[in-house]
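S.K.: Enclosed is the structure file target.txt (compact mmCIF, C-alpha atoms).
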# COMPACT_ATOMS: atom_id res chain seq x y z
CA MET A 1 91.89 118.00 94.79
CA ASN A 2 93.35 119.00 91.44
CA ILE A 3 96.96 119.34 90.25
CA SER A 4 97.81 121.58 87.29
CA ILE A 5 101.38 122.23 86.12
CA THR A 6 101.89 125.92 85.31
CA LYS A 7 105.61 125.99 84.48
CA TYR A 8 107.91 123.13 83.49
CA ASP A 9 111.57 123.34 82.53
CA GLU A 10 113.15 119.89 82.26
CA GLU A 11 116.55 121.29 81.29
CA GLU A 12 116.68 123.30 84.52
CA ASN A 13 115.01 120.49 86.56
CA TYR A 14 112.41 122.98 87.72
CA CYS A 15 108.64 122.86 87.93
CA GLU A 16 105.77 124.95 89.30
CA PHE A 17 102.28 123.58 89.81
CA LYS A 18 99.02 124.47 91.52
CA LEU A 19 97.31 122.21 94.01
CA GLU A 20 93.69 123.33 94.16
CA ASP A 21 90.77 122.78 96.52
CA THR A 22 92.49 120.75 99.24
CA HIS A 23 93.33 120.98 102.94
CA LEU A 24 96.56 122.45 104.28
CA SER A 25 97.47 119.12 105.91
CA ILE A 26 97.25 117.29 102.56
CA ALA A 27 99.32 119.95 100.78
CA ASN A 28 102.01 119.82 103.46
CA ALA A 29 101.96 116.01 103.44
CA LEU A 30 102.61 116.09 99.68
CA ARG A 31 105.50 118.51 100.20
CA ARG A 32 107.04 116.32 102.91
CA THR A 33 106.58 113.20 100.78
CA MET A 34 108.49 114.78 97.89
CA ILE A 35 111.34 115.64 100.25
CA ALA A 36 111.63 112.46 102.32
CA GLU A 37 109.69 109.50 100.92
CA ILE A 38 110.64 109.04 97.26
CA PRO A 39 113.26 106.29 96.70
CA THR A 40 116.38 107.04 94.66
CA MET A 41 119.90 105.61 94.34
CA ALA A 42 122.94 107.00 96.15
CA ILE A 43 126.46 105.78 96.92
CA GLU A 44 126.48 104.06 100.31
CA LEU A 45 129.70 102.01 100.49
CA VAL A 46 133.15 103.22 99.36
CA THR A 47 136.31 101.13 99.35
CA VAL A 48 139.39 103.32 98.93
CA GLU A 49 142.31 101.36 97.49
CA GLN A 50 144.71 104.27 96.98
CA ASN A 51 144.48 107.90 98.06
CA THR A 52 147.45 110.24 98.06
CA SER A 53 145.38 113.44 97.72
CA VAL A 54 145.11 116.06 100.47
CA LEU A 55 141.58 114.86 101.32
CA ASN A 56 141.15 111.96 103.71
CA ASP A 57 139.15 108.86 102.75
CA GLU A 58 136.06 109.76 104.80
CA PHE A 59 135.85 113.21 103.19
CA ILE A 60 135.92 111.72 99.69
CA ALA A 61 133.35 109.08 100.64
CA HIS A 62 131.03 111.79 101.97
CA ARG A 63 131.34 113.77 98.73
CA LEU A 64 130.64 110.68 96.63
CA GLY A 65 127.48 109.97 98.61
CA LEU A 66 126.05 113.41 97.84
CA ILE A 67 126.52 113.16 94.05
CA PRO A 68 123.03 112.81 92.47
CA LEU A 69 122.66 109.61 90.45
CA ASN A 70 120.40 109.86 87.42
CA CYS A 71 117.55 107.34 87.89
CA GLN A 72 115.19 108.92 85.36
CA ASN A 73 115.30 105.90 83.01
CA VAL A 74 114.94 103.31 85.75
CA ILE A 75 111.77 101.81 87.24
CA MET A 76 112.64 102.20 90.92
CA GLU A 77 110.14 99.50 91.91
CA ASP A 78 112.32 96.95 90.05
CA ILE A 79 115.30 97.73 92.33
CA LYS A 80 115.14 96.07 95.74
CA ARG A 81 116.12 97.60 99.06
CA ARG A 82 119.03 95.93 100.84
CA THR A 83 116.64 94.64 103.50
CA GLU A 84 114.41 93.10 100.83
CA CYS A 85 117.09 91.38 98.75
CA THR A 86 117.98 87.75 99.44
CA CYS A 87 121.62 88.06 98.31
CA GLU A 88 124.39 87.66 100.88
CA ASP A 89 126.40 90.68 99.74
CA PHE A 90 125.43 93.05 96.89
CA CYS A 91 123.92 92.01 93.57
CA LYS A 92 122.48 93.54 90.38
CA ASN A 93 118.98 93.49 91.90
CA CYS A 94 119.82 95.76 94.84
CA SER A 95 122.94 97.75 93.93
CA VAL A 96 125.02 99.48 91.28
CA SER A 97 128.83 99.41 91.34
CA PHE A 98 131.12 102.31 90.47
CA SER A 99 134.86 102.57 90.03
CA LEU A 100 137.23 105.52 89.86
CA HIS A 101 140.95 105.60 89.10
CA ILE A 102 142.70 108.90 88.37
CA LYS A 103 146.42 109.71 88.59
CA ASN A 104 147.94 113.07 87.81
CA ASP A 105 150.87 112.35 85.46
CA GLN A 106 151.31 116.01 84.53
CA ASN A 107 154.44 117.80 85.62
CA ASP A 108 153.15 121.11 86.94
CA ASP A 109 149.38 121.54 86.90
CA ALA A 110 146.77 120.19 89.30
CA ILE A 111 143.82 118.33 87.80
CA ASN A 112 140.20 117.91 88.91
CA VAL A 113 138.65 114.59 89.81
CA THR A 114 134.98 114.95 88.90
CA SER A 115 131.74 112.98 88.79
CA ASP A 116 132.44 112.31 85.11
CA ASP A 117 135.32 110.07 86.22
CA LEU A 118 132.98 107.66 88.01
CA ILE A 119 132.45 104.55 85.86
CA SER A 120 129.17 102.69 86.43
CA ASP A 121 128.46 99.05 85.67
CA ASP A 122 124.86 100.01 84.82
CA VAL A 123 124.47 102.39 81.86
CA SER A 124 120.99 103.44 83.05
CA ILE A 125 122.29 104.80 86.38
CA GLN A 126 125.02 107.40 86.00
CA PRO A 127 126.06 110.54 87.92
CA PHE A 128 123.75 113.34 86.83
CA ARG A 129 125.45 115.65 84.33
CA PHE A 130 124.98 119.33 85.11
CA SER A 131 126.40 122.06 82.87
CA GLN A 132 129.67 121.32 84.67
CA PRO A 133 130.63 118.05 86.39
CA ILE A 134 130.82 117.96 90.19
CA VAL A 135 134.37 118.32 91.50
CA ILE A 136 135.27 115.58 93.98
CA ALA A 137 138.92 116.46 94.61
CA LYS A 138 142.02 118.09 93.10
CA LEU A 139 145.20 116.14 92.46
CA ALA A 140 148.67 117.64 92.44
CA PRO A 141 151.34 116.03 90.24
CA GLU A 142 151.92 112.33 91.07
CA GLN A 143 148.87 112.16 93.36
CA GLU A 144 146.37 109.36 92.79
CA ILE A 145 142.89 108.21 93.79
CA ARG A 146 141.67 104.66 93.17
CA LEU A 147 138.42 103.42 94.70
CA LYS A 148 135.29 101.34 94.28
CA ALA A 149 131.81 102.38 95.36
CA ILE A 150 128.40 100.76 95.68
CA ALA A 151 125.11 102.62 95.32
CA VAL A 152 121.91 101.31 96.90
CA LYS A 153 118.26 102.32 97.04
CA GLY A 154 117.02 104.50 99.90
CA ILE A 155 114.86 107.44 100.94
CA SER A 156 115.73 110.83 102.36
CA LYS A 157 114.09 109.99 105.69
CA GLU A 158 117.18 107.78 106.25
CA HIS A 159 119.75 110.23 104.82
CA ALA A 160 119.55 113.47 102.81
CA LYS A 161 121.71 112.02 100.01
CA TRP A 162 118.66 110.06 98.77
CA SER A 163 116.50 113.17 98.43
CA PRO A 164 115.40 113.73 94.81
CA VAL A 165 114.76 117.45 95.42
CA ALA A 166 116.99 120.41 96.14
CA THR A 167 113.97 122.33 97.42
CA VAL A 168 110.19 122.13 97.56
CA ALA A 169 108.43 125.39 98.39
CA MET A 170 104.71 125.69 99.08
CA LYS A 171 102.64 128.88 99.23
CA PRO A 172 98.89 129.36 99.81
CA LEU A 173 97.47 131.33 96.90
CA PRO A 174 95.95 134.71 97.83
CA ASP A 175 92.55 136.12 96.92
CA VAL A 176 92.93 139.90 96.63
CA GLN A 177 89.82 142.07 96.34
CA ILE A 178 89.59 145.86 95.82
CA ASN A 179 86.48 147.72 96.94
CA GLN A 180 85.97 149.96 93.92
CA HIS A 181 83.23 152.01 95.65
CA ILE A 182 85.75 153.11 98.30
CA ALA A 183 88.53 153.48 95.71
CA ASP A 184 86.36 155.91 93.71
CA ASP A 185 86.41 158.33 96.66
CA LEU A 186 90.23 158.50 96.68
CA SER A 187 92.18 161.22 94.93
CA GLN A 188 94.52 160.36 92.05
CA LYS A 189 97.53 160.92 94.31
CA GLN A 190 96.14 158.56 96.96
CA ARG A 191 95.48 155.86 94.36
CA GLU A 192 99.02 156.14 93.02
CA GLN A 193 100.45 155.99 96.55
CA PHE A 194 98.39 152.90 97.29
CA VAL A 195 99.54 151.14 94.10
CA ASN A 196 103.22 152.04 94.64
CA ILE A 197 103.31 150.85 98.28
CA CYS A 198 103.11 147.20 97.19
CA PRO A 199 106.66 145.75 96.94
CA ARG A 200 105.46 142.90 94.69
CA LYS A 201 103.54 145.11 92.20
CA VAL A 202 100.24 143.29 92.73
CA PHE A 203 98.27 146.44 91.75
CA LYS A 204 98.45 148.85 88.85
CA TYR A 205 96.88 152.25 88.27
CA ASN A 206 94.82 152.47 85.08
CA HIS A 207 95.23 156.12 84.07
CA ALA A 208 92.76 155.82 81.20
CA ASP A 209 89.87 154.69 83.41
CA ASP A 210 91.24 156.29 86.61
CA ILE A 211 90.87 153.06 88.63
CA ILE A 212 93.03 150.69 90.68
CA GLU A 213 93.36 147.25 89.08
CA ILE A 214 94.83 143.94 90.26
CA GLU A 215 97.69 143.11 87.90
CA ASP A 216 98.70 139.71 89.36
CA ALA A 217 97.21 138.52 92.65
CA GLU A 218 99.60 135.54 92.82
CA ARG A 219 102.52 137.89 93.40
CA CYS A 220 101.12 138.73 96.84
CA VAL A 221 103.26 137.51 99.76
CA TYR A 222 100.82 138.56 102.52
CA CYS A 223 103.06 141.42 103.69
CA ASP A 224 99.93 143.57 104.34
CA GLU A 225 101.69 146.78 103.27
CA CYS A 226 98.63 147.71 101.21
CA VAL A 227 96.36 147.04 104.20
CA TYR A 228 98.49 149.27 106.44
CA LYS A 229 98.48 152.00 103.76
CA ALA A 230 94.68 151.84 103.48
CA GLU A 231 94.37 152.16 107.25
CA ALA A 232 96.74 155.14 107.22
CA MET A 233 94.46 156.79 104.62
CA ASP A 234 91.46 155.98 106.87
CA VAL A 235 89.94 153.58 104.29
CA LYS A 236 90.68 150.26 105.97
CA ASP A 237 88.10 148.34 103.90
CA LEU A 238 89.72 149.37 100.61
CA VAL A 239 91.48 146.02 100.14
CA VAL A 240 90.78 142.54 101.47
CA ILE A 241 93.38 139.75 101.29
CA ARG A 242 92.35 136.22 102.17
CA ARG A 243 93.32 132.66 101.29
CA SER A 244 92.08 131.54 97.88
CA ARG A 245 89.44 128.80 98.05
CA GLY A 246 88.25 126.12 95.64
CA ARG A 247 84.69 125.13 94.74
CA HIS A 248 84.46 122.72 97.69
CA GLY A 249 85.95 125.09 100.26
CA GLY A 250 89.52 123.76 100.15
CA GLN A 251 92.56 126.00 99.86
CA ASN A 252 94.64 126.57 96.71
CA PHE A 253 98.44 126.29 96.81
CA ARG A 254 101.36 126.93 94.50
CA PHE A 255 104.35 124.58 94.64
CA ARG A 256 107.88 125.10 93.35
CA VAL A 257 109.91 121.91 92.86
CA GLU A 258 113.62 121.90 92.02
CA SER A 259 115.09 118.47 91.30
CA THR A 260 118.65 117.35 92.07
CA GLY A 261 118.63 115.52 88.75
CA ALA A 262 118.03 112.07 90.20
CA LEU A 263 114.44 112.21 88.91
CA THR A 264 112.58 114.69 86.72
CA PRO A 265 110.17 117.08 88.48
CA ARG A 266 107.25 115.28 86.79
CA GLN A 267 108.44 111.91 88.14
CA ILE A 268 108.82 113.44 91.61
CA ILE A 269 105.26 114.81 91.62
CA LEU A 270 103.72 111.57 90.34
CA SER A 271 105.74 109.37 92.72
CA ALA A 272 104.89 111.55 95.73
CA THR A 273 101.20 111.47 94.82
CA ARG A 274 101.19 107.66 94.54
CA ILE A 275 103.06 107.26 97.84
CA LEU A 276 100.73 109.67 99.65
CA ILE A 277 97.62 107.88 98.32
CA LYS A 278 98.99 104.54 99.56
CA LYS A 279 99.66 106.06 103.00
CA LEU A 280 96.13 107.48 103.19
CA ASP A 281 94.70 104.10 102.12
CA ARG A 282 96.58 102.40 104.96
CA VAL A 283 95.26 104.97 107.44
CA SER A 284 91.72 104.42 106.15
CA GLU A 285 92.07 100.63 106.47
CA GLY A 286 93.47 101.01 109.98
CA ILE A 287 90.51 103.16 111.05
CA LYS A 288 88.03 100.64 109.61
CA THR A 289 89.78 97.78 111.40
CA ALA A 290 89.74 99.66 114.71
CA GLN A 291 86.05 100.49 114.29
CA SER A 292 85.16 96.88 113.56
CA LYS A 293 87.02 95.74 116.67
CA LEU A 294 85.25 98.34 118.84
CA SER A 295 81.85 97.28 117.50
CA THR A 296 82.40 93.72 118.74
CA TYR A 297 82.58 94.86 122.38
Rewrite the structure from the file as structure tokens, please.
M.R.:
Amino acid sequence: MNISITKYDEEENYCEFKLEDTHLSIANALRRTMIAEIPTMAIELVTVEQNTSVLNDEFIAHRLGLIPLNCQNVIMEDIKRRTECTCEDFCKNCSVSFSLHIKNDQNDDAINVTSDDLISDDVSIQPFRFSQPIVIAKLAPEQEIRLKAIAVKGISKEHAKWSPVATVAMKPLPDVQINQHIADDLSQKQREQFVNICPRKVFKYNHADDIIEIEDAERCVYCDECVYKAEAMDVKDLVVIRRSRGRHGGQNFRFRVESTGALTPRQIILSATRILIKKLDRVSEGIKTAQSKLSTY
């Protein structure tokens, strides 16, 4: 199994990478791990001291919980889960405290209460700053919100607010082959029709050499429009589309990872890989233990 990053944009929290020569179950396990198994911080407890806005307390608490907290400069292993910490309430080892106090003292205009107004007691864990801050509520003149919040460590398997990704998409890479011997028997018009039928522009017609070429096989989405067109022209073996394979017979996949900002895409990939390896090690140890017990009978 090999991972190679093909596109990385840290400013946009976006990454594409190839996972080569592996089984579908491993690729899907990695995808699910990135979605549900990577620990991050999120607001869990909200104490509303004053709220005269049009939104009720529960609505505001729900919005606060879904604000991504930037944990990119934090070693998550150093932060304990609530079930692991020995403190009676909340402490610096298992939580981060936030406060928010905004009152609209303007005469006419409404103001926005945003994620920038949340004040953290830990400078390394702050609400993630997008191009624009996240709007929590709007306050009319003389309205006020005052609250305290506590963020704790968790995983998305417990609640989606802990997910470090907005989306993780996985696609098996195609292997597209053109039979040039059959293509040579086609007329120029037929070749152009075949090339133009593809909605993803996988093929191109080389007018200089009068041949059909594969421009970018990775654009293929397995729609089979080219296969149907070849069958309609009574040359069904003109094109063959199959799953791309590695040297050891495993499949090749392309992943697209979009981060919420809690972690960088690179951190997400590395964390998911480590977590998946630990899970596979536990499965392997469990199988060995079961085999040793069976051999004693």
S.K.: Give me the region 103-189 of chain A side of the contact with region 265-272 of chain A, cut-off 12 Å, one line per residue showing its nearest atom pair and distance in Å at one decimal, counting all atoms listed in the file, sorted by chain and residue number, as a Markdown table.
M.R.:
| residue | atom | partner | partner_atom | distance |
| --- | --- | --- | --- | --- |
| A:Ile155 | CA | A:Ala272 | CA | 12.0 |
| A:Ser163 | CA | A:Ile268 | CA | 10.3 |
| A:Pro164 | CA | A:Ile268 | CA | 7.3 |
| A:Val165 | CA | A:Ile268 | CA | 8.1 |
| A:Ala166 | CA | A:Pro265 | CA | 10.8 |
| A:Thr167 | CA | A:Pro265 | CA | 11.0 |
| A:Val168 | CA | A:Pro265 | CA | 10.4 |
S.K.: What separation in Å, quoted to one decimal, exists between CA of Phe130 (chain A) and CA of Ala262 (chain A)?
M.R.: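 Spanning CA of Phe130 (chain A) to CA of Ala262 (chain A) is a straight-line distance of 11.3 Å.
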S.K.: Pick the closest to Gln143 (chain A) from A:Met170, A:Cys91, A:Val54, A:Cys223: which is it, counting only C-alpha atoms?
M.R.: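 Among A:Met170, A:Cys91, A:Val54, A:Cys223, it is A:Val54 that comes nearest to Gln143 (chain A).
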S.K.: Quick one: distance from CA of Lys201 (chain A) to CA of Met233 (chain A) in Å, one decimal?
M.R.: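 Taking CA of Lys201 (chain A) and CA of Met233 (chain A), their separation equals 19.3 Å.
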S.K.: Out of A:Ala230, A:Val195, A:Ile150, A:Val176, which residue has the shortest atom-to-atom distance to Val48 (chain A) when counting only C-alpha atoms?
M.R.: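 Answer, going by the shortest atom-to-atom distance: A:Ile150.
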S.K.: Determine the nearest neighbour of Ile241 (chain A) from the options A:Met34, A:Ala27, A:Ile214, A:Ile119, counting all atoms listed in the file.
M.R.: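 Selected residue with least distance to Ile241 (chain A): A:Ile214.
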S.K.: Using all atoms listed in the file, which of A:Asp210, A:Asp89, A:Phe253, A:Ile134 sits nearest Glu20 (chain A)?
M.R.: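 Using all atoms listed in the file, the shortest distance to Glu20 (chain A) belongs to A:Phe253.
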S.K.: How many Å separate CA of Phe17 (chain A) from CA of Lys278 (chain A)?
M.R.: 21.6 Å
S.K.: Using all atoms listed in the file, which residue out of A:Ile3, A:Ile277, A:Val123, A:Val235 lies closest to Asp21 (chain A)?
M.R.: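 Distance minimum relative to Asp21 (chain A) lands on A:Ile3.
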S.K.: May I have the residues within 12 Å of Thr83 (chain A) as a PyMOL selection string, using all atoms listed in the file and disregarding those fewer than 3 positions away in the same chain?
M.R.: chain A and resi 79-80+86-90+93-95+152-154
S.K.: Calculated over only C-alpha atoms, which of the candidates A:Ala169, A:Ile136, A:Leu238, A:Ala42 has the smallest distance to Ala151 (chain A)?
M.R.: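 The shortest atom-to-atom distance to Ala151 (chain A) comes from A:Ala42.
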S.K.: I'd like the contact shell of Gly261 (chain A) - 12 Å cut-off, all atoms listed in the file, skipping same-chain residues fewer than 5 positions apart - returned as a ChimeraX atom specification.
M.R.: /A:10-14,40-41,66-73,125-131,162-167,266-268
S.K.: Do you know which residues are at most 9 Å from region 57-59 of chain A counting only C-alpha atoms, after dropping those on the same chain fewer than 5 positions away, and could you put them as a PDB file with C-alpha atoms, keeping the file's coordinate frame?
M.R.:
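part-v5.pdb was written with the following content:
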ATOM      1  CA  VAL A  46     133.150 103.220  99.360  1.00  0.00           C
ATOM      2  CA  THR A  47     136.310 101.130  99.350  1.00  0.00           C
ATOM      3  CA  VAL A  48     139.390 103.320  98.930  1.00  0.00           C
ATOM      4  CA  ASN A  51     144.480 107.900  98.060  1.00  0.00           C
ATOM      5  CA  LEU A  64     130.640 110.680  96.630  1.00  0.00           C
TER       6      LEU A  64
END
S.K.: Hey, what's within 12 Å of Gln180 (chain A) if we count all atoms listed in the file and toss same-chain stuff fewer than 3 positions away? As a VMD selection string, please?
M.R.: chain A and resid 177 183 to 186 191 210 to 214 235 237 to 240
S.K.: Restricted to C-alpha atoms, what would the selected residues look like written as a PDB file, keeping the file's coordinate frame?
M.R.:
ATOM      1  CA  GLN A 177      89.820 142.070  96.340  1.00  0.00           C
ATOM      2  CA  ALA A 183      88.530 153.480  95.710  1.00  0.00           C
ATOM      3  CA  ASP A 184      86.360 155.910  93.710  1.00  0.00           C
ATOM      4  CA  ASP A 185      86.410 158.330  96.660  1.00  0.00           C
ATOM      5  CA  LEU A 186      90.230 158.500  96.680  1.00  0.00           C
ATOM      6  CA  ARG A 191      95.480 155.860  94.360  1.00  0.00           C
ATOM      7  CA  ASP A 210      91.240 156.290  86.610  1.00  0.00           C
ATOM      8  CA  ILE A 211      90.870 153.060  88.630  1.00  0.00           C
ATOM      9  CA  ILE A 212      93.030 150.690  90.680  1.00  0.00           C
ATOM     10  CA  GLU A 213      93.360 147.250  89.080  1.00  0.00           C
ATOM     11  CA  ILE A 214      94.830 143.940  90.260  1.00  0.00           C
ATOM     12  CA  VAL A 235      89.940 153.580 104.290  1.00  0.00           C
ATOM     13  CA  ASP A 237      88.100 148.340 103.900  1.00  0.00           C
ATOM     14  CA  LEU A 238      89.720 149.370 100.610  1.00  0.00           C
ATOM     15  CA  VAL A 239      91.480 146.020 100.140  1.00  0.00           C
ATOM     16  CA  VAL A 240      90.780 142.540 101.470  1.00  0.00           C
TER      17      VAL A 240
END
